[in-house]
Amino acid sequence: MQSNKIGQLLFTGVLATSLLSACVKGSNNAAYTPEESSDALANFRSVAKAATADADVGQNVSLEGVAAKVKPVSFTTFVNYDWYTAPTWEGRPQSQWITDHLGVTLIPLQSNGAAAQKLNAMIVSNELPDVLVMDRGKDVERLQKAGKLVAIDPYLEKYPEFIQTVGEETINMLRSEDGKLYQIPNWYINGDSGNGNAGYLVEKKTYKALGSPKLLTWDDLELYLKQVKENFPELVPIDFGETRDGADVQMMGLLYSGAANDRMPGFISPGSGQIFGVPTGFELTSIYKDPAFKESALYASRLFREELTSPDLLTQTRDQILEKLKTGKIAVFGAYDAVVEGIGREANNQLSAKDPADGYEVIWPVHKAGVDKTKVFTTGYSTLGWNVNVITTNAKDPEAIFSYMNWATSPEGQRVLFFGPPGLFYDEVEKGVPIPNAAYINRDLKKYDLLKIGEFNWYGNTSYIDAVKAQREKLLPSQAQDWTTNAQVNFTFKTSKNITEFSNLDPAPGSEEGIILQRLKEQYAQVVPKVIFAQSDEEVERLIEEADKEAVHIGYDKVLKWKTAVWRNNLKKLKG
């Protein structure tokens with residue numbers, strides 16, 4: 001592939017503080033000013049021009065392959081997440097290139113922290129945007145059954161690249177009950193490679209000052225945290241990602257992944273897209289009956305009673321956590337919310353910019369003694385990816401929008417959306433790998449992050465990004481290698497479990513199972529804080545026993561039976 005072909009790449013959302021892969025949901029979108037972004041872009045334009053003589057961003061590019069099929073279009077997009085704040089389309093180098101060369105402009109609509117309410121208002125008023133980015137499952141099917149979505153099957157013959165890129169098995173798993181395809185996946189995997197961004201970080205200067213002790217087991221970790229508390233009382237010994245959706249407690253999920261072999265946070269999370277059941281043979285069983293759940297609860301409660309974690313760990317926001325990380329106030333941090341490509345990356349880059357000896361390093365997930373370290377999974381991934389794009393019937397030219405998405409998810413599109421336009425940070429592409437130029441090797445990390453290269457990539461092609469990004473890092477000197485990429489290759493991808501078989505386990509909200517699940521979610525949101533704040537191990541065990549009985553009374557067994565049936569049907573689909 002020549003250097004003037006449309007290019008880019010990065011790896012599960014590595015370059016920007018964008019997604020999130022996979023895999024794992026969530027991203028940090030800290031506020032920035034247009035002036036900062038503009039200054040950063042101007043800086044890199046000048047560096048790129050000086051480094052590559054007469055090269056300029058996006059000039060003299062001939063459109064070939066998939067790009068030649070893109071139809072000019074302007075469309076609105078609403079990302080259905082409270083936490084997401086979209087930057088402007090204008091000012092991003094990748095966006096400018098797309099508009100200049102493909103004639104495509106994306107107009108983001110903000111959720112303003114109330115995505116569900118805004119989406120419902122748009123549905124009621126029949127003022128849906130052209131495109132929605134959202135979780136697979138109930139909301140997609142609700143819109144489809146209401147006739148609000150465009151089936152993309154009529155375009156597949158004209159754009160065969162889409163099936164080739166995404167994979168027929170994945171596409172078939174995404175089809176709705178009527179057999180039609182309405183969803184364009186994001187961060188899907190066409191192959192067997194894992195991906196994930198969850199794990200544990202250790203603040204380097206504190207760790208070194210305390211002798212860099214081994215941190216493999218829960219016992220090792222607890223001993224280290226006590227040393228931190230004694231020697232650095234101004235630090236939080238260990239902290240965890242924020243509680244999401246009112247019930248998804250990252251502390252419990254992450255500890256649970258190390259409580260026994262083959263566990264992962266999604267087994268105990270009642271949130272959307274999660275499993276909320278423990279696989280036992282070919283049955284999903286109650287989390288409250290799982291000894292690993294009790295073990296993780298006992299450990300979490302002990303950490304809290306010994307004052308080794310934040311007193312506000314269940315109520316602090318993502319921004320509050322990020323602020324502590326950026327100032328090195330957390331000795332050990334754990335999260336399964338895109339930690340190595342999101343807030344962990346940003347914090348590490350800021351600390352290391354001030355002091356090369358400082359920052360955060362990723363460690364293998366700690367686990368209970370006796371647990372096989374190769375069977376510890378801090379997150380799960382699905383070949384179906386993270387979330388999906390759907391085109392609504394309000395779109396004036398849905399085929400034009402799909403033609404852009406078809407390009408965006410291709411290797412050509414992924415290079416532009418993740419590495420930026422040709423001529424900025426790479427000038428040549430060899431065997432699909434953008435060759436980093438001097439502008440990238442000598443980049444200022446803070447200014448680089450301000451560019452937010454990687455934003456607006458809601459069509460992530462994980463298999464391509466991961467493979468090519470790993471190859472790209474080998475071409476860089478050690479000081480220029482990407483922190484996130486190394487963390488993913490050496491740790492987080494290896495501790496991510498394939499859970500494609502557990503897809504679509506969310507019952508419809510108005511169904512009997514859906515109503516029961518909502519009550520169970522509310523129960524879980526009350527049980528976990530009580531367990532963590534318990535005054536003794538005996539109280540923890542009593543609370544779990546009571547929760548088990550209450551869950552049975554609510555109807556947990558009925559939900560588990562429904563989920564088990566869907567799981568078994570998925571296995572049949574996957575095995576043909």
# chains A, B, ... in the order shown; residues from 1 in each chain; ligands from 1
>>> closest_atom_pairs(of="segment 158-216 of chain A", to="segment 361-367 of chain A", cutoff="12 Å", atoms="only C-alpha atoms", output="Markdown table")
| residue | atom | partner | partner_atom | distance |
| --- | --- | --- | --- | --- |
| A:Asn197 | CA | A:Val362 | CA | 10.7 |
| A:Ala198 | CA | A:Pro365 | CA | 9.2 |
| A:Gly199 | CA | A:Pro365 | CA | 6.0 |
| A:Tyr200 | CA | A:Ile363 | CA | 5.9 |
| A:Leu201 | CA | A:Val362 | CA | 4.6 |
| A:Val202 | CA | A:Glu361 | CA | 5.4 |
| A:Glu203 | CA | A:Glu361 | CA | 6.6 |
| A:Lys204 | CA | A:Glu361 | CA | 6.4 |
| A:Lys205 | CA | A:Glu361 | CA | 10.2 |
| A:Thr206 | CA | A:Glu361 | CA | 11.4 |
| A:Tyr207 | CA | A:Glu361 | CA | 9.7 |
| A:Lys208 | CA | A:Glu361 | CA | 11.3 |
| A:Ser212 | CA | A:Glu361 | CA | 11.7 |
| A:Pro213 | CA | A:Ile363 | CA | 11.9 |
| A:Lys214 | CA | A:Ile363 | CA | 10.0 |
| A:Leu215 | CA | A:Val366 | CA | 6.7 |
| A:Leu216 | CA | A:Val366 | CA | 5.0 |
>>> write_last_selection(atoms="N, CA and C atoms", output="short mmCIF file (atom, residue, chain, number, x, y, z; two decimals), in the first residue's frame")
data_model
loop_
_atom_site.label_atom_id
_atom_site.label_comp_id
_atom_site.auth_asym_id
_atom_site.auth_seq_id
_atom_site.Cartn_x
_atom_site.Cartn_y
_atom_site.Cartn_z
N ASN A 197 -8.41 -3.38 28.16
CA ASN A 197 -7.66 -2.24 28.69
C ASN A 197 -7.75 -2.15 30.20
N ALA A 198 -8.06 -3.27 30.86
CA ALA A 198 -8.30 -3.27 32.30
C ALA A 198 -7.10 -3.84 33.05
N GLY A 199 -6.91 -3.35 34.27
CA GLY A 199 -5.84 -3.91 35.07
C GLY A 199 -5.44 -3.02 36.23
N TYR A 200 -4.23 -3.25 36.73
CA TYR A 200 -3.70 -2.55 37.89
C TYR A 200 -2.48 -1.71 37.50
N LEU A 201 -2.41 -0.50 38.07
CA LEU A 201 -1.27 0.39 37.87
C LEU A 201 -0.59 0.64 39.21
N VAL A 202 0.73 0.80 39.17
CA VAL A 202 1.51 1.10 40.36
C VAL A 202 2.30 2.38 40.12
N GLU A 203 2.21 3.32 41.08
CA GLU A 203 2.95 4.58 40.96
C GLU A 203 4.44 4.30 41.16
N LYS A 204 5.24 4.66 40.17
CA LYS A 204 6.62 4.19 40.08
C LYS A 204 7.54 4.69 41.20
N LYS A 205 7.47 5.98 41.53
CA LYS A 205 8.41 6.53 42.52
C LYS A 205 8.16 5.94 43.91
N THR A 206 6.91 5.80 44.27
CA THR A 206 6.57 5.21 45.57
C THR A 206 7.01 3.74 45.62
N TYR A 207 6.73 3.04 44.54
CA TYR A 207 7.08 1.62 44.46
C TYR A 207 8.59 1.41 44.60
N LYS A 208 9.35 2.25 43.91
CA LYS A 208 10.81 2.14 43.99
C LYS A 208 11.30 2.50 45.39
N SER A 212 10.49 -1.90 45.60
CA SER A 212 9.91 -2.64 44.47
C SER A 212 9.59 -4.10 44.84
N PRO A 213 8.81 -4.31 45.90
CA PRO A 213 8.51 -5.69 46.33
C PRO A 213 7.63 -6.40 45.31
N LYS A 214 7.59 -7.73 45.38
CA LYS A 214 6.74 -8.48 44.46
C LYS A 214 5.27 -8.19 44.78
N LEU A 215 4.49 -8.09 43.74
CA LEU A 215 3.05 -7.85 43.89
C LEU A 215 2.32 -8.85 43.00
N LEU A 216 2.17 -10.05 43.51
CA LEU A 216 1.52 -11.12 42.76
C LEU A 216 0.19 -11.53 43.38
#
>>> closest_atom_pairs(of="segment 460-548 of chain A", to="segment 245-260 of chain A", cutoff="12 Å", atoms="only C-alpha atoms", output="JSON lines")
{"residue": "A:Thr495", "atom": "CA", "partner": "A:Ser257", "partner_atom": "CA", "distance": 9.7}
{"residue": "A:Ser496", "atom": "CA", "partner": "A:Ser257", "partner_atom": "CA", "distance": 10.4}
{"residue": "A:Lys497", "atom": "CA", "partner": "A:Ser257", "partner_atom": "CA", "distance": 10.6}
{"residue": "A:Gln518", "atom": "CA", "partner": "A:Ala247", "partner_atom": "CA", "distance": 10.8}
{"residue": "A:Arg519", "atom": "CA", "partner": "A:Ala247", "partner_atom": "CA", "distance": 11.6}
{"residue": "A:Leu520", "atom": "CA", "partner": "A:Ala247", "partner_atom": "CA", "distance": 10.2}
{"residue": "A:Lys521", "atom": "CA", "partner": "A:Ala247", "partner_atom": "CA", "distance": 6.7}
{"residue": "A:Glu522", "atom": "CA", "partner": "A:Ala247", "partner_atom": "CA", "distance": 7.3}
{"residue": "A:Gln523", "atom": "CA", "partner": "A:Ala247", "partner_atom": "CA", "distance": 8.9}
{"residue": "A:Tyr524", "atom": "CA", "partner": "A:Ala247", "partner_atom": "CA", "distance": 6.5}
{"residue": "A:Ala525", "atom": "CA", "partner": "A:Ala247", "partner_atom": "CA", "distance": 4.4}
{"residue": "A:Gln526", "atom": "CA", "partner": "A:Ala247", "partner_atom": "CA", "distance": 8.1}
{"residue": "A:Val527", "atom": "CA", "partner": "A:Ala247", "partner_atom": "CA", "distance": 9.5}
{"residue": "A:Val528", "atom": "CA", "partner": "A:Val249", "partner_atom": "CA", "distance": 7.7}
{"residue": "A:Pro529", "atom": "CA", "partner": "A:Val249", "partner_atom": "CA", "distance": 8.8}
{"residue": "A:Val531", "atom": "CA", "partner": "A:Met252", "partner_atom": "CA", "distance": 10.0}
{"residue": "A:Ile532", "atom": "CA", "partner": "A:Met252", "partner_atom": "CA", "distance": 8.7}
>>> closest_residue(among="A:Phe304, A:Phe333, A:Tyr288, A:Phe282", to="Ile238 of chain A", atoms="only C-alpha atoms")
A:Phe333
>>> closest_residue(among="A:Tyr448, A:Phe240, A:Phe232, A:Tyr459", to="Phe419 of chain A", atoms="only C-alpha atoms")
A:Tyr448
>>> residues_around(residues="Asn112 of chain A", least_positions_apart="4", cutoff="9 Å", atoms="only C-alpha atoms", output="PyMOL selection string")
chain A and resi 82-85+118
>>> residues_around(residues="Asn186 of chain A", least_positions_apart="5", cutoff="6 Å", atoms="only C-alpha atoms", output="list in words")
Gly385, Trp386, Asn387, Val388, Trp458, Tyr459 and Gly460 of chain A
>>> write_last_selection(atoms="N, CA and C atoms", output="compact mmCIF listing (two decimals), in the first residue's frame")
# COMPACT_ATOMS: atom_id res chain seq x y z
N GLY A 385 -17.67 -6.86 19.62
CA GLY A 385 -17.15 -5.55 19.95
C GLY A 385 -17.82 -4.92 21.15
N TRP A 386 -17.65 -3.61 21.22
CA TRP A 386 -18.15 -2.87 22.37
C TRP A 386 -19.60 -2.44 22.16
N ASN A 387 -19.80 -1.50 21.24
CA ASN A 387 -21.16 -1.02 20.99
C ASN A 387 -21.41 -0.95 19.49
N VAL A 388 -22.50 -0.32 19.09
CA VAL A 388 -22.86 -0.33 17.67
C VAL A 388 -23.34 1.04 17.20
N TRP A 458 -15.94 5.50 15.77
CA TRP A 458 -16.98 4.65 16.34
C TRP A 458 -17.16 3.38 15.50
N TYR A 459 -16.12 3.01 14.76
CA TYR A 459 -16.20 1.86 13.85
C TYR A 459 -14.96 0.99 14.02
N GLY A 460 -14.41 0.99 15.25
CA GLY A 460 -13.12 0.38 15.52
C GLY A 460 -12.99 -1.06 15.05
>>> select_by_dssp(residues="segment 420-522 of chain A", states="strand (DSSP E)", output="list in words")
Tyr426, Asp427, Glu428, Val429, Glu430, Val433, Pro434, Ile435, Pro436, Ser496, Lys497 and Asn498 of chain A
>>> residues_around(residues="Leu156 of chain A", least_positions_apart="3", cutoff="12 Å", atoms="only C-alpha atoms", output="list of chain:residue names")
A:Ala151, A:Ile152, A:Asp153, A:Tyr159, A:Pro160, A:Glu161, A:Phe162, A:Ile163, A:Gln164, A:Thr165, A:Val166, A:Glu168, A:Ile171, A:Lys180, A:Leu181, A:Tyr182, A:Ile184, A:Glu399, A:Phe402, A:Ser403, A:Asn406
>>> closest_residue(among="A:Val236, A:Leu384, A:Val416, A:Leu128", to="Asn190 of chain A", atoms="only C-alpha atoms")
A:Leu384
>>> residues_around(residues="Ala408 of chain A", least_positions_apart="5", cutoff="8 Å", atoms="only C-alpha atoms", output="MDAnalysis selection string")
chainID A and resid 413:414 417 457 459
>>> write_last_selection(atoms="N, CA and C atoms", output="short mmCIF file (atom, residue, chain, number, x, y, z; two decimals), in the first residue's frame")
data_model
loop_
_atom_site.label_atom_id
_atom_site.label_comp_id
_atom_site.auth_asym_id
_atom_site.auth_seq_id
_atom_site.Cartn_x
_atom_site.Cartn_y
_atom_site.Cartn_z
N GLY A 413 -9.51 3.39 6.32
CA GLY A 413 -10.17 4.34 7.21
C GLY A 413 -9.59 4.32 8.62
N GLN A 414 -9.27 3.14 9.11
CA GLN A 414 -8.74 3.04 10.46
C GLN A 414 -7.39 3.75 10.58
N LEU A 417 -8.24 7.46 10.95
CA LEU A 417 -8.94 7.74 12.19
C LEU A 417 -8.11 7.47 13.43
N ASN A 457 -13.85 7.73 16.09
CA ASN A 457 -13.73 6.39 15.51
C ASN A 457 -14.70 5.46 16.22
N TYR A 459 -16.12 3.01 14.76
CA TYR A 459 -16.20 1.86 13.85
C TYR A 459 -14.96 0.99 14.02
#
>>> closest_residue(among="A:Asn461, A:Asn498, A:Leu475, A:Leu143", to="Gly167 of chain A", atoms="only C-alpha atoms")
A:Asn461
>>> residues_around(residues="Trp562 of chain A", least_positions_apart="6", cutoff="10 Å", atoms="only C-alpha atoms", output="list in words")
Leu284, Leu505, Asp506, Pro507, Glu513 and Tyr556 of chain A
>>> write_last_selection(atoms="C-alpha atoms", output="PDB file, in the first residue's frame")
ATOM      1  CA  LEU A 284     -25.731 -19.727  34.843  1.00  0.00           C
ATOM      2  CA  LEU A 505     -28.179 -11.439  27.771  1.00  0.00           C
ATOM      3  CA  ASP A 506     -30.292  -8.353  28.503  1.00  0.00           C
ATOM      4  CA  PRO A 507     -34.031  -9.129  28.616  1.00  0.00           C
ATOM      5  CA  GLU A 513     -37.399 -11.000  33.285  1.00  0.00           C
ATOM      6  CA  TYR A 556     -33.305 -14.325  40.287  1.00  0.00           C
TER       7      TYR A 556
END
>>> decode(residues="segment 339-487 of chain A", atoms="C-alpha atoms", output="mmCIF file, in the first residue's frame")
data_model
loop_
_atom_site.group_PDB
_atom_site.id
_atom_site.type_symbol
_atom_site.label_atom_id
_atom_site.label_comp_id
_atom_site.auth_asym_id
_atom_site.auth_seq_id
_atom_site.Cartn_x
_atom_site.Cartn_y
_atom_site.Cartn_z
ATOM 1 C CA VAL A 339 -7.550 2.253 32.353
ATOM 2 C CA VAL A 340 -4.500 1.817 30.096
ATOM 3 C CA GLU A 341 -5.913 3.802 27.203
ATOM 4 C CA GLY A 342 -7.914 6.303 29.211
ATOM 5 C CA ILE A 343 -7.199 7.885 32.562
ATOM 6 C CA GLY A 344 -4.139 5.731 33.241
ATOM 7 C CA ARG A 345 -2.523 6.846 30.010
ATOM 8 C CA GLU A 346 -3.257 10.511 30.632
ATOM 9 C CA ALA A 347 -1.984 10.375 34.208
ATOM 10 C CA ASN A 348 1.186 8.518 33.243
ATOM 11 C CA ASN A 349 1.985 10.947 30.432
ATOM 12 C CA GLN A 350 1.534 13.968 32.670
ATOM 13 C CA LEU A 351 3.669 12.589 35.492
ATOM 14 C CA SER A 352 6.435 11.314 33.216
ATOM 15 C CA ALA A 353 6.531 14.642 31.348
ATOM 16 C CA LYS A 354 7.445 16.374 34.604
ATOM 17 C CA ASP A 355 9.805 13.634 35.789
ATOM 18 C CA PRO A 356 10.916 10.766 33.496
ATOM 19 C CA ALA A 357 11.388 8.588 36.585
ATOM 20 C CA ASP A 358 7.761 9.045 37.587
ATOM 21 C CA GLY A 359 4.505 7.754 36.155
ATOM 22 C CA TYR A 360 2.557 4.524 36.420
ATOM 23 C CA GLU A 361 3.571 1.042 35.410
ATOM 24 C CA VAL A 362 1.203 -1.819 34.724
ATOM 25 C CA ILE A 363 1.486 -5.020 36.747
ATOM 26 C CA TRP A 364 -0.011 -8.467 36.292
ATOM 27 C CA PRO A 365 -3.413 -8.588 38.034
ATOM 28 C CA VAL A 366 -3.071 -9.561 41.675
ATOM 29 C CA HIS A 367 -4.989 -12.628 42.776
ATOM 30 C CA LYS A 368 -5.675 -14.857 45.728
ATOM 31 C CA ALA A 369 -2.893 -17.305 46.590
ATOM 32 C CA GLY A 370 -3.413 -20.573 44.724
ATOM 33 C CA VAL A 371 -5.162 -19.025 41.726
ATOM 34 C CA ASP A 372 -3.508 -19.724 38.374
ATOM 35 C CA LYS A 373 -2.217 -16.332 37.125
ATOM 36 C CA THR A 374 -2.925 -17.374 33.525
ATOM 37 C CA LYS A 375 -6.604 -17.759 34.433
ATOM 38 C CA VAL A 376 -7.088 -14.281 35.866
ATOM 39 C CA PHE A 377 -9.244 -12.128 33.561
ATOM 40 C CA THR A 378 -9.762 -8.476 34.458
ATOM 41 C CA THR A 379 -12.158 -7.937 31.586
ATOM 42 C CA GLY A 380 -13.962 -9.740 28.808
ATOM 43 C CA TYR A 381 -14.152 -9.125 25.101
ATOM 44 C CA SER A 382 -16.623 -10.091 22.446
ATOM 45 C CA THR A 383 -15.920 -10.531 18.764
ATOM 46 C CA LEU A 384 -19.057 -8.409 18.386
ATOM 47 C CA GLY A 385 -17.151 -5.554 19.951
ATOM 48 C CA TRP A 386 -18.152 -2.871 22.375
ATOM 49 C CA ASN A 387 -21.160 -1.015 20.992
ATOM 50 C CA VAL A 388 -22.861 -0.332 17.665
ATOM 51 C CA ASN A 389 -23.898 2.379 15.223
ATOM 52 C CA VAL A 390 -27.427 2.435 13.865
ATOM 53 C CA ILE A 391 -28.739 4.640 11.053
ATOM 54 C CA THR A 392 -32.186 6.065 11.768
ATOM 55 C CA THR A 393 -35.033 6.579 9.325
ATOM 56 C CA ASN A 394 -34.550 10.329 9.800
ATOM 57 C CA ALA A 395 -31.378 10.154 7.704
ATOM 58 C CA LYS A 396 -31.905 11.666 4.239
ATOM 59 C CA ASP A 397 -29.244 9.526 2.569
ATOM 60 C CA PRO A 398 -28.581 6.386 4.627
ATOM 61 C CA GLU A 399 -26.552 4.760 1.857
ATOM 62 C CA ALA A 400 -24.125 7.689 1.849
ATOM 63 C CA ILE A 401 -23.689 7.348 5.613
ATOM 64 C CA PHE A 402 -23.097 3.604 5.263
ATOM 65 C CA SER A 403 -20.581 4.192 2.454
ATOM 66 C CA TYR A 404 -18.569 6.312 4.892
ATOM 67 C CA MET A 405 -18.832 3.730 7.690
ATOM 68 C CA ASN A 406 -17.761 1.028 5.253
ATOM 69 C CA TRP A 407 -14.622 3.048 4.553
ATOM 70 C CA ALA A 408 -14.111 4.073 8.188
ATOM 71 C CA THR A 409 -13.940 0.486 9.453
ATOM 72 C CA SER A 410 -11.620 -0.649 6.661
ATOM 73 C CA PRO A 411 -7.828 -0.652 7.089
ATOM 74 C CA GLU A 412 -7.673 2.541 5.011
ATOM 75 C CA GLY A 413 -10.166 4.340 7.211
ATOM 76 C CA GLN A 414 -8.736 3.045 10.460
ATOM 77 C CA ARG A 415 -5.315 4.448 9.598
ATOM 78 C CA VAL A 416 -6.709 7.959 9.130
ATOM 79 C CA LEU A 417 -8.943 7.744 12.188
ATOM 80 C CA PHE A 418 -6.197 6.437 14.484
ATOM 81 C CA PHE A 419 -2.873 7.643 13.194
ATOM 82 C CA GLY A 420 -4.134 10.815 11.675
ATOM 83 C CA PRO A 421 -3.929 11.846 8.017
ATOM 84 C CA PRO A 422 -0.909 10.936 5.897
ATOM 85 C CA GLY A 423 1.844 13.525 6.099
ATOM 86 C CA LEU A 424 1.330 14.349 9.782
ATOM 87 C CA PHE A 425 2.863 11.506 11.780
ATOM 88 C CA TYR A 426 3.697 9.123 8.949
ATOM 89 C CA ASP A 427 4.559 9.541 5.292
ATOM 90 C CA GLU A 428 4.832 5.953 4.148
ATOM 91 C CA VAL A 429 2.778 2.812 4.669
ATOM 92 C CA GLU A 430 4.508 -0.547 4.341
ATOM 93 C CA LYS A 431 2.505 -3.779 4.532
ATOM 94 C CA GLY A 432 -0.310 -1.859 6.163
ATOM 95 C CA VAL A 433 1.932 -0.286 8.823
ATOM 96 C CA PRO A 434 2.226 3.526 8.887
ATOM 97 C CA ILE A 435 5.928 4.217 9.296
ATOM 98 C CA PRO A 436 6.338 6.787 12.106
ATOM 99 C CA ASN A 437 8.154 9.942 11.064
ATOM 100 C CA ALA A 438 10.208 12.428 13.075
ATOM 101 C CA ALA A 439 7.121 14.407 14.063
ATOM 102 C CA TYR A 440 5.751 11.355 15.878
ATOM 103 C CA ILE A 441 9.035 10.134 17.339
ATOM 104 C CA ASN A 442 9.767 13.591 18.784
ATOM 105 C CA ARG A 443 6.202 14.388 19.809
ATOM 106 C CA ASP A 444 5.301 16.254 22.970
ATOM 107 C CA LEU A 445 2.925 13.824 24.693
ATOM 108 C CA LYS A 446 0.680 16.470 26.233
ATOM 109 C CA LYS A 447 0.261 18.372 22.960
ATOM 110 C CA TYR A 448 -0.176 15.099 21.145
ATOM 111 C CA ASP A 449 -3.036 14.077 23.421
ATOM 112 C CA LEU A 450 -4.693 17.457 22.861
ATOM 113 C CA LEU A 451 -5.055 16.580 19.177
ATOM 114 C CA LYS A 452 -7.361 13.736 20.189
ATOM 115 C CA ILE A 453 -6.400 11.607 17.232
ATOM 116 C CA GLY A 454 -8.668 8.627 17.585
ATOM 117 C CA GLU A 455 -11.791 10.665 18.302
ATOM 118 C CA PHE A 456 -14.861 9.932 16.196
ATOM 119 C CA ASN A 457 -13.725 6.391 15.512
ATOM 120 C CA TRP A 458 -16.975 4.645 16.340
ATOM 121 C CA TYR A 459 -16.200 1.860 13.847
ATOM 122 C CA GLY A 460 -13.123 0.381 15.518
ATOM 123 C CA ASN A 461 -11.590 -2.621 13.757
ATOM 124 C CA THR A 462 -9.794 -4.218 16.680
ATOM 125 C CA SER A 463 -8.038 -7.043 14.831
ATOM 126 C CA TYR A 464 -6.473 -4.669 12.336
ATOM 127 C CA ILE A 465 -5.554 -1.983 14.849
ATOM 128 C CA ASP A 466 -4.036 -4.372 17.378
ATOM 129 C CA ALA A 467 -1.928 -6.272 14.883
ATOM 130 C CA VAL A 468 -0.584 -3.249 13.045
ATOM 131 C CA LYS A 469 0.024 -1.148 16.131
ATOM 132 C CA ALA A 470 2.131 -3.912 17.639
ATOM 133 C CA GLN A 471 4.226 -4.000 14.459
ATOM 134 C CA ARG A 472 4.546 -0.226 14.472
ATOM 135 C CA GLU A 473 5.969 -0.120 17.990
ATOM 136 C CA LYS A 474 8.840 -2.350 16.920
ATOM 137 C CA LEU A 475 9.976 0.404 14.567
ATOM 138 C CA LEU A 476 10.278 2.982 17.347
ATOM 139 C CA PRO A 477 13.135 3.678 19.763
ATOM 140 C CA SER A 478 12.242 2.763 23.336
ATOM 141 C CA GLN A 479 11.759 6.376 24.438
ATOM 142 C CA ALA A 480 9.185 6.924 21.679
ATOM 143 C CA GLN A 481 7.190 3.745 22.222
ATOM 144 C CA ASP A 482 3.586 4.098 23.286
ATOM 145 C CA TRP A 483 2.868 3.384 26.965
ATOM 146 C CA THR A 484 -0.610 2.095 26.240
ATOM 147 C CA THR A 485 0.498 -0.239 23.484
ATOM 148 C CA ASN A 486 3.155 -1.866 25.635
ATOM 149 C CA ALA A 487 0.670 -2.236 28.489
#
